[in-house]
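For reference, query_16.pdb is printed below; it contains PDB, C-alpha atoms.
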```pdb
ATOM      1  CA  GLU A 296      57.731 -26.770  15.542
ATOM      2  CA  PRO A 297      57.865 -23.352  17.243
ATOM      3  CA  GLU A 298      54.490 -21.787  17.966
ATOM      4  CA  VAL A 299      52.950 -18.445  18.751
ATOM      5  CA  THR A 300      51.245 -18.732  22.145
ATOM      6  CA  GLN A 301      48.431 -16.543  23.396
ATOM      7  CA  THR A 302      46.951 -16.129  26.848
ATOM      8  CA  PRO A 303      44.302 -16.255  28.068
ATOM      9  CA  SER A 304      42.274 -18.362  25.656
ATOM     10  CA  HIS A 305      39.094 -16.661  26.813
ATOM     11  CA  GLN A 306      38.704 -13.334  28.595
ATOM     12  CA  VAL A 307      35.428 -11.940  29.882
ATOM     13  CA  THR A 308      35.368  -8.302  30.911
ATOM     14  CA  GLN A 309      32.858  -5.611  31.688
ATOM     15  CA  MET A 310      32.310  -2.662  29.405
ATOM     16  CA  GLY A 311      34.644   0.190  30.276
ATOM     17  CA  GLN A 312      37.295  -2.037  31.800
ATOM     18  CA  GLU A 313      40.860  -2.285  30.553
ATOM     19  CA  VAL A 314      42.028  -5.588  29.165
ATOM     20  CA  ILE A 315      45.468  -6.848  28.177
ATOM     21  CA  LEU A 316      45.871  -9.718  25.754
ATOM     22  CA  ARG A 317      49.210 -11.460  25.797
ATOM     23  CA  CYS A 318      51.243 -13.168  23.142
ATOM     24  CA  VAL A 319      54.610 -14.844  22.941
ATOM     25  CA  PRO A 320      55.754 -14.744  19.305
ATOM     26  CA  ILE A 321      58.144 -17.274  17.804
ATOM     27  CA  SER A 322      61.522 -16.507  19.327
ATOM     28  CA  ASN A 323      63.537 -15.578  16.228
ATOM     29  CA  HIS A 324      60.739 -13.593  14.584
ATOM     30  CA  LEU A 325      61.055  -9.840  14.309
ATOM     31  CA  TYR A 326      57.626  -8.721  13.091
ATOM     32  CA  PHE A 327      54.521  -8.966  15.218
ATOM     33  CA  TYR A 328      50.860  -8.454  14.429
ATOM     34  CA  TRP A 329      47.399  -8.380  15.865
ATOM     35  CA  TYR A 330      44.348  -9.381  13.850
ATOM     36  CA  ARG A 331      40.809  -9.824  15.067
ATOM     37  CA  GLN A 332      37.683 -11.631  13.936
ATOM     38  CA  ILE A 333      34.256 -10.546  15.072
ATOM     39  CA  LEU A 334      31.881 -13.516  15.029
ATOM     40  CA  GLY A 335      30.653 -14.194  11.510
ATOM     41  CA  GLN A 336      32.861 -11.530   9.958
ATOM     42  CA  LYS A 337      36.238 -11.417   8.254
ATOM     43  CA  VAL A 338      39.591 -11.586   9.949
ATOM     44  CA  GLU A 339      40.750  -7.953  10.113
ATOM     45  CA  PHE A 340      44.215  -6.461  10.413
ATOM     46  CA  LEU A 341      44.750  -4.262  13.463
ATOM     47  CA  VAL A 342      48.435  -3.432  13.752
ATOM     48  CA  SER A 343      51.969  -4.483  12.870
ATOM     49  CA  PHE A 344      54.995  -3.900  15.080
ATOM     50  CA  TYR A 345      58.701  -3.956  14.376
ATOM     51  CA  ASN A 346      61.781  -2.717  16.175
ATOM     52  CA  ASN A 347      59.740  -1.572  19.162
ATOM     53  CA  GLU A 348      57.377   0.614  17.229
ATOM     54  CA  ILE A 349      54.175   0.394  15.256
ATOM     55  CA  SER A 350      54.904   0.034  11.544
ATOM     56  CA  GLU A 351      51.335   0.039  10.329
ATOM     57  CA  LYS A 352      47.870   0.243  11.826
ATOM     58  CA  SER A 353      44.349   0.054  10.524
ATOM     59  CA  GLU A 354      41.488   2.464  11.044
ATOM     60  CA  ILE A 355      40.149   0.070  13.685
ATOM     61  CA  PHE A 356      43.242   0.633  15.832
ATOM     62  CA  ASP A 357      42.188   3.884  17.480
ATOM     63  CA  ASP A 358      43.387   5.548  20.673
ATOM     64  CA  GLN A 359      41.707   2.869  22.783
ATOM     65  CA  PHE A 360      44.238   0.338  21.547
ATOM     66  CA  SER A 361      47.936   0.116  22.265
ATOM     67  CA  VAL A 362      50.644  -2.492  21.780
ATOM     68  CA  GLU A 363      53.816  -3.101  23.678
ATOM     69  CA  ARG A 364      56.762  -5.430  23.799
ATOM     70  CA  PRO A 365      57.511  -5.131  27.503
ATOM     71  CA  ASP A 366      60.387  -7.603  27.465
ATOM     72  CA  GLY A 367      62.249  -9.831  25.034
ATOM     73  CA  SER A 368      59.479 -12.368  24.664
ATOM     74  CA  ASN A 369      56.006 -10.910  25.216
ATOM     75  CA  PHE A 370      53.893  -8.826  22.857
ATOM     76  CA  THR A 371      50.717  -7.347  24.307
ATOM     77  CA  LEU A 372      47.548  -5.683  23.050
ATOM     78  CA  LYS A 373      45.819  -3.364  25.500
ATOM     79  CA  ILE A 374      42.300  -2.079  25.114
ATOM     80  CA  ARG A 375      41.881   0.836  27.491
ATOM     81  CA  SER A 376      38.125   1.060  27.905
ATOM     82  CA  THR A 377      36.383  -1.903  26.328
ATOM     83  CA  LYS A 378      33.169  -1.562  24.378
ATOM     84  CA  LEU A 379      30.612  -4.219  23.495
ATOM     85  CA  GLU A 380      31.771  -4.117  19.885
ATOM     86  CA  ASP A 381      35.297  -5.098  20.937
ATOM     87  CA  SER A 382      34.003  -8.632  21.532
ATOM     88  CA  ALA A 383      35.908 -10.767  19.063
ATOM     89  CA  MET A 384      38.604 -13.388  18.642
ATOM     90  CA  TYR A 385      41.986 -11.669  18.729
ATOM     91  CA  PHE A 386      44.843 -13.366  16.918
ATOM     92  CA  CYS A 387      48.488 -12.582  17.454
ATOM     93  CA  ALA A 388      50.892 -13.440  14.639
ATOM     94  CA  SER A 389      54.581 -13.165  13.932
ATOM     95  CA  SER A 390      56.888 -13.448  10.943
ATOM     96  CA  SER A 391      60.614 -13.544  10.381
ATOM     97  CA  GLY A 392      60.562 -10.889   7.693
ATOM     98  CA  TRP A 393      58.441  -8.021   6.431
ATOM     99  CA  ASP A 394      57.406  -9.511   3.096
ATOM    100  CA  HIS A 395      54.713 -12.145   3.690
ATOM    101  CA  ARG A 396      55.510 -13.766   0.358
ATOM    102  CA  ASN A 397      58.856 -14.879   1.756
ATOM    103  CA  SER A 398      58.037 -14.790   5.457
ATOM    104  CA  PRO A 399      54.563 -16.197   6.067
ATOM    105  CA  LEU A 400      52.514 -15.264   9.089
ATOM    106  CA  HIS A 401      52.359 -17.713  11.967
ATOM    107  CA  PHE A 402      49.221 -17.284  14.056
ATOM    108  CA  GLY A 403      48.511 -18.099  17.663
ATOM    109  CA  ASN A 404      45.356 -19.923  18.759
ATOM    110  CA  GLY A 405      43.607 -16.678  19.612
ATOM    111  CA  THR A 406      42.022 -15.057  22.657
ATOM    112  CA  ARG A 407      38.263 -14.870  22.669
ATOM    113  CA  LEU A 408      37.327 -11.547  24.263
ATOM    114  CA  THR A 409      33.768 -11.169  25.520
ATOM    115  CA  VAL A 410      32.692  -7.726  26.702
ATOM    116  CA  THR A 411      29.500  -7.702  28.756
TER
ATOM    117  CA  GLY B 115      41.459  -1.210   0.037
ATOM    118  CA  GLU B 116      41.441  -4.829  -1.022
ATOM    119  CA  ASN B 117      38.175  -6.744  -0.610
ATOM    120  CA  VAL B 118      38.191 -10.536  -0.595
ATOM    121  CA  GLU B 119      35.034 -12.623  -0.868
ATOM    122  CA  GLN B 120      34.733 -16.373  -0.353
ATOM    123  CA  HIS B 121      32.151 -18.814  -1.685
ATOM    124  CA  PRO B 122      30.425 -20.946  -0.515
ATOM    125  CA  SER B 123      30.258 -20.230   3.218
ATOM    126  CA  THR B 124      29.739 -23.899   4.057
ATOM    127  CA  LEU B 125      30.646 -26.940   2.022
ATOM    128  CA  SER B 126      29.859 -30.565   2.836
ATOM    129  CA  VAL B 127      31.540 -33.342   0.886
ATOM    130  CA  GLN B 128      31.643 -37.100   1.110
ATOM    131  CA  GLU B 129      34.969 -38.552   2.155
ATOM    132  CA  GLY B 130      37.039 -39.239  -0.926
ATOM    133  CA  ASP B 131      35.356 -36.572  -3.048
ATOM    134  CA  SER B 132      36.936 -33.258  -4.024
ATOM    135  CA  ALA B 133      36.241 -29.876  -2.457
ATOM    136  CA  VAL B 134      36.668 -26.549  -4.200
ATOM    137  CA  ILE B 135      36.523 -23.152  -2.521
ATOM    138  CA  LYS B 136      36.615 -19.999  -4.583
ATOM    139  CA  CYS B 137      37.708 -16.505  -3.617
ATOM    140  CA  THR B 138      37.463 -13.252  -5.505
ATOM    141  CA  TYR B 139      39.509 -10.135  -4.903
ATOM    142  CA  SER B 140      39.060  -6.550  -5.944
ATOM    143  CA  ASP B 141      42.543  -5.013  -6.224
ATOM    144  CA  SER B 142      44.388  -5.953  -9.412
ATOM    145  CA  ALA B 143      47.646  -4.931  -7.676
ATOM    146  CA  SER B 144      47.367  -7.871  -5.264
ATOM    147  CA  ASN B 145      50.181 -10.285  -5.945
ATOM    148  CA  TYR B 146      50.191 -12.905  -3.196
ATOM    149  CA  PHE B 147      47.353 -15.222  -2.193
ATOM    150  CA  PRO B 148      47.721 -17.545   0.811
ATOM    151  CA  TRP B 149      45.224 -20.086   2.100
ATOM    152  CA  TYR B 150      44.881 -20.798   5.800
ATOM    153  CA  LYS B 151      43.249 -23.746   7.557
ATOM    154  CA  GLN B 152      41.760 -23.237  11.000
ATOM    155  CA  GLU B 153      40.900 -26.274  13.077
ATOM    156  CA  LEU B 154      38.618 -26.013  16.079
ATOM    157  CA  GLY B 155      40.271 -24.145  18.939
ATOM    158  CA  LYS B 156      43.366 -23.283  16.948
ATOM    159  CA  GLY B 157      44.668 -20.339  14.991
ATOM    160  CA  PRO B 158      44.855 -20.183  11.190
ATOM    161  CA  GLN B 159      47.700 -22.213   9.697
ATOM    162  CA  LEU B 160      49.159 -21.558   6.273
ATOM    163  CA  ILE B 161      48.588 -24.556   4.001
ATOM    164  CA  ILE B 162      49.443 -23.263   0.539
ATOM    165  CA  ASP B 163      50.052 -19.969  -1.210
ATOM    166  CA  ILE B 164      50.466 -18.657  -4.740
ATOM    167  CA  ARG B 165      52.098 -15.598  -6.255
ATOM    168  CA  SER B 166      50.627 -13.640  -9.111
ATOM    169  CA  ASN B 167      53.270 -14.781 -11.601
ATOM    170  CA  VAL B 168      52.053 -18.389 -11.312
ATOM    171  CA  GLY B 169      48.737 -19.874 -12.457
ATOM    172  CA  GLU B 170      48.687 -23.040 -10.393
ATOM    173  CA  LYS B 171      50.499 -24.627  -7.486
ATOM    174  CA  LYS B 172      50.087 -28.093  -6.066
ATOM    175  CA  ASP B 173      51.149 -29.746  -2.825
ATOM    176  CA  GLN B 174      50.023 -33.379  -2.502
ATOM    177  CA  ARG B 175      46.223 -33.342  -2.197
ATOM    178  CA  ILE B 176      45.821 -29.570  -2.225
ATOM    179  CA  ALA B 177      46.201 -27.156  -5.091
ATOM    180  CA  VAL B 178      45.529 -23.517  -5.715
ATOM    181  CA  THR B 179      44.689 -21.920  -9.054
ATOM    182  CA  LEU B 180      44.791 -18.226  -9.872
ATOM    183  CA  ASN B 181      42.983 -16.356 -12.621
ATOM    184  CA  LYS B 182      44.349 -12.797 -12.620
ATOM    185  CA  THR B 183      42.082 -11.617 -15.408
ATOM    186  CA  ALA B 184      38.960 -12.618 -13.537
ATOM    187  CA  LYS B 185      40.531 -11.802 -10.168
ATOM    188  CA  HIS B 186      39.725 -15.071  -8.534
ATOM    189  CA  PHE B 187      41.647 -17.918  -7.001
ATOM    190  CA  SER B 188      40.510 -21.323  -5.800
ATOM    191  CA  LEU B 189      41.567 -23.994  -3.357
ATOM    192  CA  HIS B 190      41.159 -27.595  -4.507
ATOM    193  CA  ILE B 191      41.293 -30.496  -2.064
ATOM    194  CA  THR B 192      41.235 -33.950  -3.643
ATOM    195  CA  GLU B 193      40.473 -37.283  -1.957
ATOM    196  CA  THR B 194      39.092 -35.510   1.080
ATOM    197  CA  GLN B 195      39.566 -37.049   4.501
ATOM    198  CA  PRO B 196      37.816 -36.345   7.822
ATOM    199  CA  GLU B 197      40.865 -34.410   9.030
ATOM    200  CA  ASP B 198      40.298 -31.930   6.204
ATOM    201  CA  SER B 199      37.206 -30.718   8.090
ATOM    202  CA  ALA B 200      38.028 -27.151   9.155
ATOM    203  CA  VAL B 201      37.467 -23.506   8.311
ATOM    204  CA  TYR B 202      39.505 -22.368   5.324
ATOM    205  CA  PHE B 203      40.440 -18.704   4.842
ATOM    206  CA  CYS B 204      41.751 -17.135   1.684
ATOM    207  CA  ALA B 205      43.655 -13.873   1.761
ATOM    208  CA  ALA B 206      45.294 -11.386  -0.571
ATOM    209  CA  LEU B 207      48.290  -9.112  -0.229
ATOM    210  CA  THR B 208      48.686  -5.940  -2.239
ATOM    211  CA  VAL B 209      51.985  -4.542  -3.493
ATOM    212  CA  GLY B 210      53.462  -2.022  -1.085
ATOM    213  CA  ASN B 211      51.115  -3.094   1.673
ATOM    214  CA  ASN B 212      51.923  -5.489   4.479
ATOM    215  CA  ARG B 213      48.455  -6.307   5.655
ATOM    216  CA  LEU B 214      46.619  -9.393   4.526
ATOM    217  CA  ALA B 215      42.997  -8.936   3.503
ATOM    218  CA  PHE B 216      41.050 -12.048   4.492
ATOM    219  CA  GLY B 217      37.848 -13.574   3.318
ATOM    220  CA  LYS B 218      35.131 -14.627   5.777
ATOM    221  CA  GLY B 219      36.131 -18.261   5.771
ATOM    222  CA  ASN B 220      34.518 -21.461   4.523
ATOM    223  CA  GLN B 221      33.433 -24.263   6.807
ATOM    224  CA  VAL B 222      34.323 -27.533   5.076
ATOM    225  CA  VAL B 223      32.732 -30.667   6.495
ATOM    226  CA  VAL B 224      33.953 -34.047   5.255
ATOM    227  CA  ILE B 225      31.329 -36.712   5.861
ATOM    228  CA  PRO B 226      32.835 -40.148   6.562
TER
END
```
Go ahead and render the structure in this file as structure tokens.
Amino acid sequence: EPEVTQTPSHQVTQMGQEVILRCVPISNHLYFYWYRQILGQKVEFLVSFYNNEISEKSEIFDDQFSVERPDGSNFTLKIRSTKLEDSAMYFCASSSGWDHRNSPLHFGNGTRLTVT
Amino acid sequence: GENVEQHPSTLSVQEGDSAVIKCTYSDSASNYFPWYKQELGKGPQLIIDIRSNVGEKKDQRIAVTLNKTAKHFSLHITETQPEDSAVYFCAALTVGNNRLAFGKGNQVVVIP
């Protein structure tokens, strides 16, 4: 079964550094997402992306965050200047359609980001 | 926005017994409720979902029930097996919105 793959599985970075989290969505999917889960808290929506542009973003997704689809397969999340509170598990997801009722989300295994 | 709460946070059951996890939601406009299972080191995987026009849905040993009046929905796992041990997340989707609101997750431990 096709999978969403994320790299790296664990990233340690120093506060203030830039970090790029990488994802390869399922190949025939058109909608891409980033969610995150801070330890002990809920999984939170960050951003959705379709047709090479952001379709929706949450209040968490401020100017420090950006997403890009640099080629036909990768989908990246960049955090420009990491803060301690950015430490979390970041999940990439993709779906074949916009409506989750008909096109469920498929999640990757996550990247654990630790900011020291 | 939508707020989803899950209870209990941890649940231990003997193998063969049933497990029930309950979630409540706040937005009466929510109309889609998926359940995800997350095994250690993996991402959440959809296991079952229910739409607001249905009260119950079953798939082999798992079932989900929805009470729209009370704004809660539950996951039922019967004849639990060790491989059912995982974190289970409930979520809700509101009409006109394409972001899932998740609960905190429940750790289910099946004791052999």
* To do: For the file shown, report as a list in words the outcome of the PyMOL selection byres ((chain A) within 7 of (chain B)) at residue level.
  =>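 When the PyMOL selection byres ((chain A) within 7 of (chain B)) is applied, the selected residues are Gln336, Lys337, Val338, Glu339, Phe340, Asp394, Arg396, His401, Phe402, Gly403, Asn404 and Gly405 of chain A.
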* Asked: Can you list, as a count of residues only, every protein, DNA or RNA residue that comes within 12 Å of A:Arg364 when you count only C-alpha atoms, leaving out same-chain residues fewer than 3 positions away?
  -> 24
* Structure fact -> Between atom CA of B:Asp141 and atom CA of B:Asn117 lies a distance of 7.3 Å
* Asked: What lies within 10 Å of B:Ile135 using all atoms listed in the file, ignoring chain neighbours under 5 positions off, as number ranges by chain?
  -> B: 120-125, 178, 187-191, 202-204, 219-222
List the spatial neighbours of stretch 174-176 of chain B as a PDB file with C-alpha atoms, in the coordinates of the input - criterion: any atom at most 12 Å away, only C-alpha atoms, same-chain residues fewer than 3 positions off excluded.
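Contents of the output file selection_13.pdb:
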```pdb
ATOM      1  CA  GLY B 130      37.039 -39.239  -0.926  1.00  0.00           C
ATOM      2  CA  ASP B 131      35.356 -36.572  -3.048  1.00  0.00           C
ATOM      3  CA  SER B 132      36.936 -33.258  -4.024  1.00  0.00           C
ATOM      4  CA  ALA B 133      36.241 -29.876  -2.457  1.00  0.00           C
ATOM      5  CA  VAL B 134      36.668 -26.549  -4.200  1.00  0.00           C
ATOM      6  CA  ILE B 135      36.523 -23.152  -2.521  1.00  0.00           C
ATOM      7  CA  TRP B 149      45.224 -20.086   2.100  1.00  0.00           C
ATOM      8  CA  TYR B 150      44.881 -20.798   5.800  1.00  0.00           C
ATOM      9  CA  LYS B 151      43.249 -23.746   7.557  1.00  0.00           C
ATOM     10  CA  ILE B 161      48.588 -24.556   4.001  1.00  0.00           C
ATOM     11  CA  ILE B 162      49.443 -23.263   0.539  1.00  0.00           C
ATOM     12  CA  ASP B 163      50.052 -19.969  -1.210  1.00  0.00           C
ATOM     13  CA  GLU B 170      48.687 -23.040 -10.393  1.00  0.00           C
ATOM     14  CA  LYS B 171      50.499 -24.627  -7.486  1.00  0.00           C
ATOM     15  CA  THR B 179      44.689 -21.920  -9.054  1.00  0.00           C
ATOM     16  CA  SER B 188      40.510 -21.323  -5.800  1.00  0.00           C
ATOM     17  CA  LEU B 189      41.567 -23.994  -3.357  1.00  0.00           C
ATOM     18  CA  HIS B 190      41.159 -27.595  -4.507  1.00  0.00           C
ATOM     19  CA  ILE B 191      41.293 -30.496  -2.064  1.00  0.00           C
ATOM     20  CA  THR B 192      41.235 -33.950  -3.643  1.00  0.00           C
ATOM     21  CA  GLU B 193      40.473 -37.283  -1.957  1.00  0.00           C
ATOM     22  CA  THR B 194      39.092 -35.510   1.080  1.00  0.00           C
ATOM     23  CA  GLN B 195      39.566 -37.049   4.501  1.00  0.00           C
ATOM     24  CA  ASP B 198      40.298 -31.930   6.204  1.00  0.00           C
TER      25      ASP B 198
END
```
* Spatial neighbours of B:Thr183, max dist 12 Å, only C-alpha atoms, sep filter under 3 positions, as a PyMOL selection string -> chain B and resi 138-143+166+169+180+186-187
* So, counting only C-alpha atoms, which residue among A:Gln312, A:Asp358, A:Thr302, A:Ile333 is closest to A:Thr406? ->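 The answer is A:Thr302, which sits nearest to A:Thr406.
This file, filtered with the PyMOL selection byres ((chain A and resi 298) around 6), gives the residues Pro297, Val299 and Ile321 of chain A.
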* To do: Find the residue from B:Asp173, B:Asn181, B:Thr208, B:Val223 that sits nearest to B:Pro196; use all atoms listed in the file when measuring.
  => B:Val223
* To do: May I ask for the distance between atom CA of B:Lys136 and atom CA of A:Gly392, given in Å to one decimal place?
  => 28.4 Å
* atom CA of A:Phe356 to atom CA of B:Cys137: how many Å, to one decimal? -> 26.5 Å
* Could you check which of A:Leu408, A:Glu351, A:Leu334, A:Ser322 is closest to A:Ile374, using all atoms listed in the file? =>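 Of A:Leu408, A:Glu351, A:Leu334, A:Ser322, the one nearest A:Ile374, counting all atoms listed in the file, is A:Leu408.
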* **Shortest interatomic distance to A:Ser382 - which of A:His305, A:Lys352, A:His324, A:Arg407, counting all atoms listed in the file** =>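 With all atoms listed in the file as the atom set, the closest residue is A:Arg407.
Distances to A:Asp381 were evaluated for A:Ser350, A:Thr411, A:Asn323, A:Asn397 using all atoms listed in the file, and the minimum falls at A:Thr411.
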Could you give me the axis-aligned bounding box of stretch 312-322 of chain A, with 3 Å of padding per side, as centre plus edge lengths in Å to one decimal, as JSON?
```
{"center_x": 49.4, "center_y": -9.7, "center_z": 24.8, "size_x": 30.2, "size_y": 21.2, "size_z": 20.0}
```
Chain and number of each residue from the PyMOL selection byres ((chain A and resi 331) around 6), as an mmCIF file with C-alpha atoms, keeping the file's coordinate frame:
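The result, stored in out-v4.cif:
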```
data_model
loop_
_atom_site.group_PDB
_atom_site.id
_atom_site.type_symbol
_atom_site.label_atom_id
_atom_site.label_comp_id
_atom_site.auth_asym_id
_atom_site.auth_seq_id
_atom_site.Cartn_x
_atom_site.Cartn_y
_atom_site.Cartn_z
ATOM 1 C CA TYR A 330 44.348 -9.381 13.850
ATOM 2 C CA GLN A 332 37.683 -11.631 13.936
ATOM 3 C CA VAL A 338 39.591 -11.586 9.949
ATOM 4 C CA GLU A 339 40.750 -7.953 10.113
ATOM 5 C CA MET A 384 38.604 -13.388 18.642
ATOM 6 C CA TYR A 385 41.986 -11.669 18.729
ATOM 7 C CA PHE A 386 44.843 -13.366 16.918
#
```
* To do: Between B:Gln128, B:Lys172, B:Ala206, B:Lys182, single out the one closest to A:His395, counting only C-alpha atoms.
  =>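 Among the listed residues, the smallest separation from A:His395 belongs to B:Ala206.
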